[in-house]
Amino acid sequence: MSKVFIAFQDNEESRPVIEAILADNPEATAVHSPGLVKIDAPGRMVIRRATIEELVGRPFDLQQIQVNLVTLSGNVDEDDDELSLSWLG
Amino acid sequence: MDAPVSKKKLGLKDRYTAMTRGLGWDTTYQPMDKVFPYDKYEGIKIHDWDKWEDPFRLTMDAYWKYQGEKEKKLYAVIEAFAQNNGQLGVSDARYINALKLFIQGVVPLEYYAHRGFAHAGRHFTGPGARVAAQMQSIDELRHFQTETHALSHYNKYFNGMHNSSHWFDRVWFLSVPKSFFEDALTAGPFEFLTAVSFSFEYVLTNLLFVPFMSGAAHNGDLSTVTFGFSAQSDESRHMTLGIECIKFMLEQDPANVPIVQGWIDKWFWRGYRVLTLVAMMQDYMLPKRVMSWKEAWEMYAEENGGALFRDLARYGIREPLGWKMACEGKDHISHQAWNIFYNYTAAATFHTWVPKEEEMQWLSEKYPDTFDKYYRPRLEHYREQQQAGKRFYNNTLPMLCTTCQIPMGFTEPGDATKICYRESEHEGEKYHFCSDGCKDIFDHEPEKYIQAWLPVQQIYQGNCFKPDVDPTAEGFDPLLAVLDWYQMEVGRDNFEFEGSEDQKNFAAWRGEPLPASASAAASAQGDQS
């Protein structure tokens with residue numbers, strides 16, 4: 001199965017997003033490089049607004065992840081509640 | 001008093017629809033084809049433009065908001081870096097040469113991309129595609145500006161950065177990235193999207209902006225890593241759009257599939273060749289290394305690109321023609337490119353050097369099958385020569401590949417001891433290529449590539465001297481005349497790093513002694529130049 005991934009700048013704003021992804025995607029793994037955290041997952045990964053909001057304790061707009069996003073891989077589907085990355089093949 | 005009306009807030013999908021649809025322009029007194037002459041002439045058939053969707057569903061208001069935040073963060077870091085003399089905290093003055101390559105060869109591409117997307121945005125009849133192209137055009141202009149601004153700080157302290165716009169149009173190796181974008185800009189709008197949004201953004205910018213920028217962080221260059229990641233966060237949107245536009249073309253009509261496949265073959269190979277510069281930046285120009293070019297290639301091209309092509313197989317798309325050759329090249333291209341630049345540093349606008357012993361050790365570990373066997377002996381020979389005061393500079397001009405414009409320094413697939421040469425004949429003239437990939441591209445569109453501005457040919461034709469130069473005068477030195485036309489500062493912008501002004505200044509500013517090798521090298525350099 002092809003892997004999808006997403007990477008963020010390694011900073012305080014990214015931390016709850018990364019934690020939420022790892023909580024919602026049990027097969028996801030995070031790798032740290034200088035300045036950067038990259039998360040891989042087989043086939044599909046989902047980022048949920050509700051999980052991030054629980055972690056930060058305030059409303060969170062998913063489009064905010066653009067500010068600290070570095071790169072991603074996979075077909076993107078986004079609405080107000082979640083952003084998913086997936087490969088068919 | 002009126003009863004309060006609760007307004008339901010639109011969801012993301014509806015908001016996107018409301019903000020992008022209805023922005024199209026249906027002409028009244030002129031035929032559409034006359035006003036939009038380009039969106040059909042490549043043969044791409046579009047039946048329903050409304051099927052085009054931006055997967056991030058980013059509307060202009062959200063775009064300004066988040067881009068504004070990115071800018072604030074970026075400029076805060078750049079300011080702090082400048083105020084703290086951050087340039088003194090980088091790992092080594094050799095590192096600055098990677099930034100010279102960046103401002104000379106990469107930053108101008110951002111401007112070309114801005115122009116290309118502005119053009120494509122004007123010429124699509126579908127509003128979704130037009131909005132996406134226009135946003136990307138603004139992104140690319142932002143990248144050009146922020147990168148120029150961030151790097152201008154280094155320009156105050158180091159050589160080789162003061163004349164990049166002038167050089168981009170003239171200096172021999174800068175014709176490699178320049179010709180890539182000029183080829184893309186002079187294609188139709190759908191080919192342009194395939195070239196830049198898909199091939200370049202999706203498969204290739206990860207390789208430029210992720211491991212290299214992580215390397216900048218590792219080398220203490222906070223300013224560069226921040227502009228790199230700030231640009232790259234736009235690239236993630238561009239990549240997503242790249243996939244979207246490919247899927248859109250493939251889903252609209254089966255007749256589009258072979259056209260798109262041909263473009264994927266062409267632009268994958270062209271992009272791969274341009275990234276040779278990045279391969280050598282990563283393996284040779286970062287004094288503190290994060291990952292090798294080979295590892296980066298495996299992660300971002302083989303794994304990520306491989307996944308993408310498995311995904312696109314449902315449309316009948318296969319991996320690009322040159323894919324296997326490119327994967328074989330991961331063991332070779334950084335070493336071969338560094339060798340070319342080591343040879344031609346007299347005419348390059350940055351410095352080169354032989355890696356230190358511990359760096360060679362790292363290269364041996366990262367390239368166990370090739371480095372010690374093919375590349376280390378040559379570098380050790382160069383080192384001996386340099387230490388004996390005979391630093392090697394190649395004074396002849398290389399043959400260039402007509403398509404990618406890189407000197408013919410790549411080897412045959414399966415045989416790293418033999419330089420790869422291919423040729424084609426067109427209307428009685430011979431054209432030379434570095435690979436099957438570049439020859440195929442030429443053979444498919446010879447009329448386009450015979451117009452290529454090849455620096456070596458232009459130098460031999462006498463087109464790269466200042467107007468008042470007399471090549472028949474006694475003692476005429478063609479190399480110096482070309483460098484004068486480049487407006488290079490000979491002895492400061494070029495030659496070996498050991499003994500360079502950059503090296504001396506950096507040591508002096510940090511209050512460190514100059515390595516003994518530097519003064520020996522400087523006197524030897526004097527003999528050579």
# chains A, B, ... in the order shown; residues from 1 in each chain; ligands from 1
call {"tool": "residues_around", "arguments": {"residues": "Glu82 (chain A)", "least_positions_apart": "3", "cutoff": "12 Å", "atoms": "only C-alpha atoms", "output": "list in words"}}
result
Val17, Ala20, Ile21, Asp24, Met45, Val46, Ile47, Arg48, Arg49, Ala50, Thr51, Ile52, Glu53, Phe60, Asp61, Leu62, Gln63, Ile65, Val76, Asp77, Glu78, Asp79 and Leu85 of chain A; Leu12 and Phe56 of chain B
call {"tool": "interface_residues", "arguments": {"of": "chain B", "to": "chain A", "cutoff": "8 Å", "atoms": "only C-alpha atoms", "output": "VMD selection string"}}
result
chain B and resid 11 to 13 55 to 57 66 to 67 69 to 70 206 210 214 to 215 217 to 218 225 229 to 230 232 to 236 240 243 290 303 to 304 307 to 308 310 to 313
call {"tool": "write_last_selection", "arguments": {"atoms": "N, CA, C and O atoms", "output": "short mmCIF file (atom, residue, chain, number, x, y, z; two decimals), in the first residue's frame"}}
result
data_model
loop_
_atom_site.label_atom_id
_atom_site.label_comp_id
_atom_site.auth_asym_id
_atom_site.auth_seq_id
_atom_site.Cartn_x
_atom_site.Cartn_y
_atom_site.Cartn_z
N GLY B 11 -21.05 26.32 4.63
CA GLY B 11 -19.94 25.39 4.84
C GLY B 11 -18.84 25.68 3.83
O GLY B 11 -19.02 26.45 2.87
N LEU B 12 -17.68 25.04 4.04
CA LEU B 12 -16.52 25.29 3.20
C LEU B 12 -16.80 25.04 1.71
O LEU B 12 -16.45 25.85 0.86
N LYS B 13 -17.48 23.93 1.42
CA LYS B 13 -17.73 23.59 0.02
C LYS B 13 -18.64 24.63 -0.65
O LYS B 13 -18.40 25.06 -1.76
N PRO B 55 -9.04 21.39 -4.28
CA PRO B 55 -9.33 20.52 -3.14
C PRO B 55 -9.23 21.22 -1.79
O PRO B 55 -9.88 20.83 -0.84
N PHE B 56 -8.42 22.28 -1.69
CA PHE B 56 -8.36 23.02 -0.43
C PHE B 56 -9.52 24.00 -0.32
O PHE B 56 -9.73 24.61 0.71
N ARG B 57 -10.21 24.18 -1.42
CA ARG B 57 -11.36 25.10 -1.45
C ARG B 57 -11.00 26.44 -0.84
O ARG B 57 -11.72 27.00 -0.02
N TYR B 66 -4.43 33.84 5.45
CA TYR B 66 -3.35 32.91 5.83
C TYR B 66 -2.00 33.32 5.22
O TYR B 66 -0.95 33.16 5.84
N GLN B 67 -2.04 33.87 4.02
CA GLN B 67 -0.77 34.34 3.43
C GLN B 67 -0.22 35.50 4.25
O GLN B 67 0.98 35.61 4.45
N GLU B 69 -0.57 35.94 7.43
CA GLU B 69 0.05 35.36 8.64
C GLU B 69 1.43 34.80 8.34
O GLU B 69 2.37 34.96 9.11
N LYS B 70 1.54 34.13 7.19
CA LYS B 70 2.84 33.56 6.82
C LYS B 70 3.88 34.66 6.66
O LYS B 70 5.02 34.52 7.10
N ASN B 206 9.51 19.03 -3.70
CA ASN B 206 9.79 18.43 -2.40
C ASN B 206 11.29 18.25 -2.23
O ASN B 206 11.84 18.45 -1.15
N VAL B 210 12.35 20.60 0.79
CA VAL B 210 12.22 19.92 2.08
C VAL B 210 13.57 19.47 2.64
O VAL B 210 14.04 20.06 3.61
N SER B 214 15.68 21.68 5.34
CA SER B 214 16.00 21.08 6.62
C SER B 214 17.51 21.17 6.84
O SER B 214 17.99 21.44 7.95
N GLY B 215 18.27 21.01 5.74
CA GLY B 215 19.73 21.18 5.78
C GLY B 215 20.11 22.60 6.16
O GLY B 215 21.05 22.83 6.92
N ALA B 217 18.43 24.55 8.10
CA ALA B 217 18.22 24.63 9.54
C ALA B 217 19.42 24.01 10.27
O ALA B 217 19.94 24.57 11.24
N HIS B 218 19.87 22.89 9.77
CA HIS B 218 20.97 22.17 10.40
C HIS B 218 22.27 22.97 10.32
O HIS B 218 23.16 22.81 11.16
N VAL B 225 15.76 28.66 6.06
CA VAL B 225 14.80 27.60 6.32
C VAL B 225 13.39 28.20 6.43
O VAL B 225 12.42 27.61 5.97
N PHE B 229 10.44 27.06 3.95
CA PHE B 229 9.21 26.40 4.39
C PHE B 229 7.99 27.27 4.11
O PHE B 229 6.91 26.76 3.83
N SER B 230 8.17 28.58 4.17
CA SER B 230 7.05 29.47 3.87
C SER B 230 6.63 29.31 2.40
O SER B 230 5.45 29.26 2.07
N GLN B 232 7.35 26.59 0.65
CA GLN B 232 6.93 25.21 0.45
C GLN B 232 5.50 24.99 0.92
O GLN B 232 4.79 24.14 0.39
N SER B 233 5.03 25.76 1.88
CA SER B 233 3.65 25.56 2.32
C SER B 233 2.70 25.97 1.20
O SER B 233 1.62 25.42 1.05
N ASP B 234 3.11 26.94 0.36
CA ASP B 234 2.31 27.23 -0.84
C ASP B 234 2.45 26.07 -1.83
O ASP B 234 1.50 25.70 -2.52
N GLU B 235 3.67 25.52 -1.89
CA GLU B 235 3.88 24.42 -2.85
C GLU B 235 2.95 23.26 -2.55
O GLU B 235 2.53 22.55 -3.45
N SER B 236 2.63 23.02 -1.28
CA SER B 236 1.73 21.90 -1.00
C SER B 236 0.37 22.13 -1.62
O SER B 236 -0.27 21.20 -2.10
N THR B 240 -1.11 19.88 -4.83
CA THR B 240 -2.46 19.34 -4.78
C THR B 240 -3.23 19.75 -6.03
O THR B 240 -3.95 18.96 -6.63
N ILE B 243 -2.05 17.66 -9.07
CA ILE B 243 -2.75 16.37 -9.20
C ILE B 243 -4.16 16.60 -9.71
O ILE B 243 -4.65 15.89 -10.58
N VAL B 290 22.01 16.53 6.30
CA VAL B 290 20.82 15.91 6.88
C VAL B 290 20.55 14.56 6.22
O VAL B 290 20.43 13.54 6.88
N GLU B 303 9.25 6.82 -3.51
CA GLU B 303 8.07 6.48 -2.68
C GLU B 303 6.87 7.35 -3.03
O GLU B 303 5.80 6.86 -3.34
N ASN B 304 7.09 8.67 -3.00
CA ASN B 304 5.98 9.60 -3.18
C ASN B 304 5.53 9.62 -4.64
O ASN B 304 4.35 9.45 -4.94
N ALA B 307 3.92 6.31 -5.61
CA ALA B 307 2.54 6.22 -5.14
C ALA B 307 1.60 6.97 -6.07
O ALA B 307 0.52 6.50 -6.43
N LEU B 308 2.05 8.13 -6.50
CA LEU B 308 1.25 8.95 -7.40
C LEU B 308 0.98 8.21 -8.72
O LEU B 308 -0.16 8.19 -9.21
N ARG B 310 1.07 4.98 -9.26
CA ARG B 310 0.18 3.84 -9.03
C ARG B 310 -1.27 4.33 -8.95
O ARG B 310 -2.19 3.69 -9.42
N ASP B 311 -1.46 5.51 -8.37
CA ASP B 311 -2.80 6.08 -8.24
C ASP B 311 -3.36 6.47 -9.61
O ASP B 311 -4.55 6.29 -9.89
N LEU B 312 -2.50 7.00 -10.47
CA LEU B 312 -2.98 7.46 -11.78
C LEU B 312 -3.16 6.32 -12.78
O LEU B 312 -3.67 6.53 -13.88
N ALA B 313 -2.74 5.10 -12.39
CA ALA B 313 -2.84 3.96 -13.32
C ALA B 313 -4.29 3.72 -13.74
O ALA B 313 -4.56 3.25 -14.84
#
call {"tool": "atom_distance", "arguments": {"atom1": "CA of His114 (chain B)", "atom2": "CA of Pro446 (chain B)"}}
result
27.1 Å
call {"tool": "select_by_dssp", "arguments": {"residues": "region 3-86 of chain A", "states": "strand (DSSP E)", "output": "VMD selection string"}}
result
chain A and resid 3 to 9 29 to 33 36 to 42 44 to 48 69 to 73 75 to 78 82 to 86
call {"tool": "atom_distance", "arguments": {"atom1": "CA of Val56 (chain A)", "atom2": "CA of Tyr16 (chain B)"}}
result
26.8 Å
call {"tool": "atom_distance", "arguments": {"atom1": "CA of Val260 (chain B)", "atom2": "CA of Ser435 (chain B)"}}
result
21.9 Å
call {"tool": "select_by_dssp", "arguments": {"residues": "region 4-52 of chain A", "states": "alpha helix (DSSP H)", "output": "number ranges by chain"}}
result
A: 15-24, 49-52
call {"tool": "write_last_selection", "arguments": {"atoms": "N, CA and C atoms", "output": "PDB file, in the first residue's frame"}}
result
ATOM      1  N   ARG A  15       2.246  21.611  17.044  1.00  0.00           N
ATOM      2  CA  ARG A  15       2.252  20.499  18.007  1.00  0.00           C
ATOM      3  C   ARG A  15       0.875  19.851  18.202  1.00  0.00           C
ATOM      4  N   PRO A  16      -0.200  20.628  18.471  1.00  0.00           N
ATOM      5  CA  PRO A  16      -1.498  19.960  18.644  1.00  0.00           C
ATOM      6  C   PRO A  16      -1.993  19.282  17.364  1.00  0.00           C
ATOM      7  N   VAL A  17      -1.642  19.836  16.210  1.00  0.00           N
ATOM      8  CA  VAL A  17      -2.075  19.218  14.939  1.00  0.00           C
ATOM      9  C   VAL A  17      -1.401  17.853  14.801  1.00  0.00           C
ATOM     10  N   ILE A  18      -0.114  17.822  15.105  1.00  0.00           N
ATOM     11  CA  ILE A  18       0.622  16.556  15.007  1.00  0.00           C
ATOM     12  C   ILE A  18       0.079  15.544  16.011  1.00  0.00           C
ATOM     13  N   GLU A  19      -0.167  16.020  17.235  1.00  0.00           N
ATOM     14  CA  GLU A  19      -0.722  15.111  18.254  1.00  0.00           C
ATOM     15  C   GLU A  19      -2.073  14.559  17.815  1.00  0.00           C
ATOM     16  N   ALA A  20      -2.899  15.420  17.236  1.00  0.00           N
ATOM     17  CA  ALA A  20      -4.231  14.983  16.795  1.00  0.00           C
ATOM     18  C   ALA A  20      -4.123  13.934  15.687  1.00  0.00           C
ATOM     19  N   ILE A  21      -3.191  14.155  14.765  1.00  0.00           N
ATOM     20  CA  ILE A  21      -3.036  13.193  13.669  1.00  0.00           C
ATOM     21  C   ILE A  21      -2.597  11.842  14.221  1.00  0.00           C
ATOM     22  N   LEU A  22      -1.642  11.867  15.146  1.00  0.00           N
ATOM     23  CA  LEU A  22      -1.148  10.598  15.698  1.00  0.00           C
ATOM     24  C   LEU A  22      -2.246   9.895  16.505  1.00  0.00           C
ATOM     25  N   ALA A  23      -3.113  10.694  17.151  1.00  0.00           N
ATOM     26  CA  ALA A  23      -4.201  10.085  17.923  1.00  0.00           C
ATOM     27  C   ALA A  23      -5.265   9.481  17.005  1.00  0.00           C
ATOM     28  N   ASP A  24      -5.569  10.161  15.912  1.00  0.00           N
ATOM     29  CA  ASP A  24      -6.651   9.706  15.029  1.00  0.00           C
ATOM     30  C   ASP A  24      -6.214   8.661  14.003  1.00  0.00           C
ATOM     31  N   ARG A  49     -10.771  18.227  12.858  1.00  0.00           N
ATOM     32  CA  ARG A  49     -10.876  19.508  13.568  1.00  0.00           C
ATOM     33  C   ARG A  49     -11.217  19.282  15.038  1.00  0.00           C
ATOM     34  N   ALA A  50     -12.181  18.369  15.310  1.00  0.00           N
ATOM     35  CA  ALA A  50     -12.655  18.171  16.684  1.00  0.00           C
ATOM     36  C   ALA A  50     -11.508  17.742  17.602  1.00  0.00           C
ATOM     37  N   THR A  51     -10.641  16.873  17.094  1.00  0.00           N
ATOM     38  CA  THR A  51      -9.545  16.385  17.944  1.00  0.00           C
ATOM     39  C   THR A  51      -8.582  17.522  18.269  1.00  0.00           C
ATOM     40  N   ILE A  52      -8.299  18.357  17.259  1.00  0.00           N
ATOM     41  CA  ILE A  52      -7.403  19.489  17.517  1.00  0.00           C
ATOM     42  C   ILE A  52      -8.048  20.446  18.518  1.00  0.00           C
TER      43      ILE A  52
END
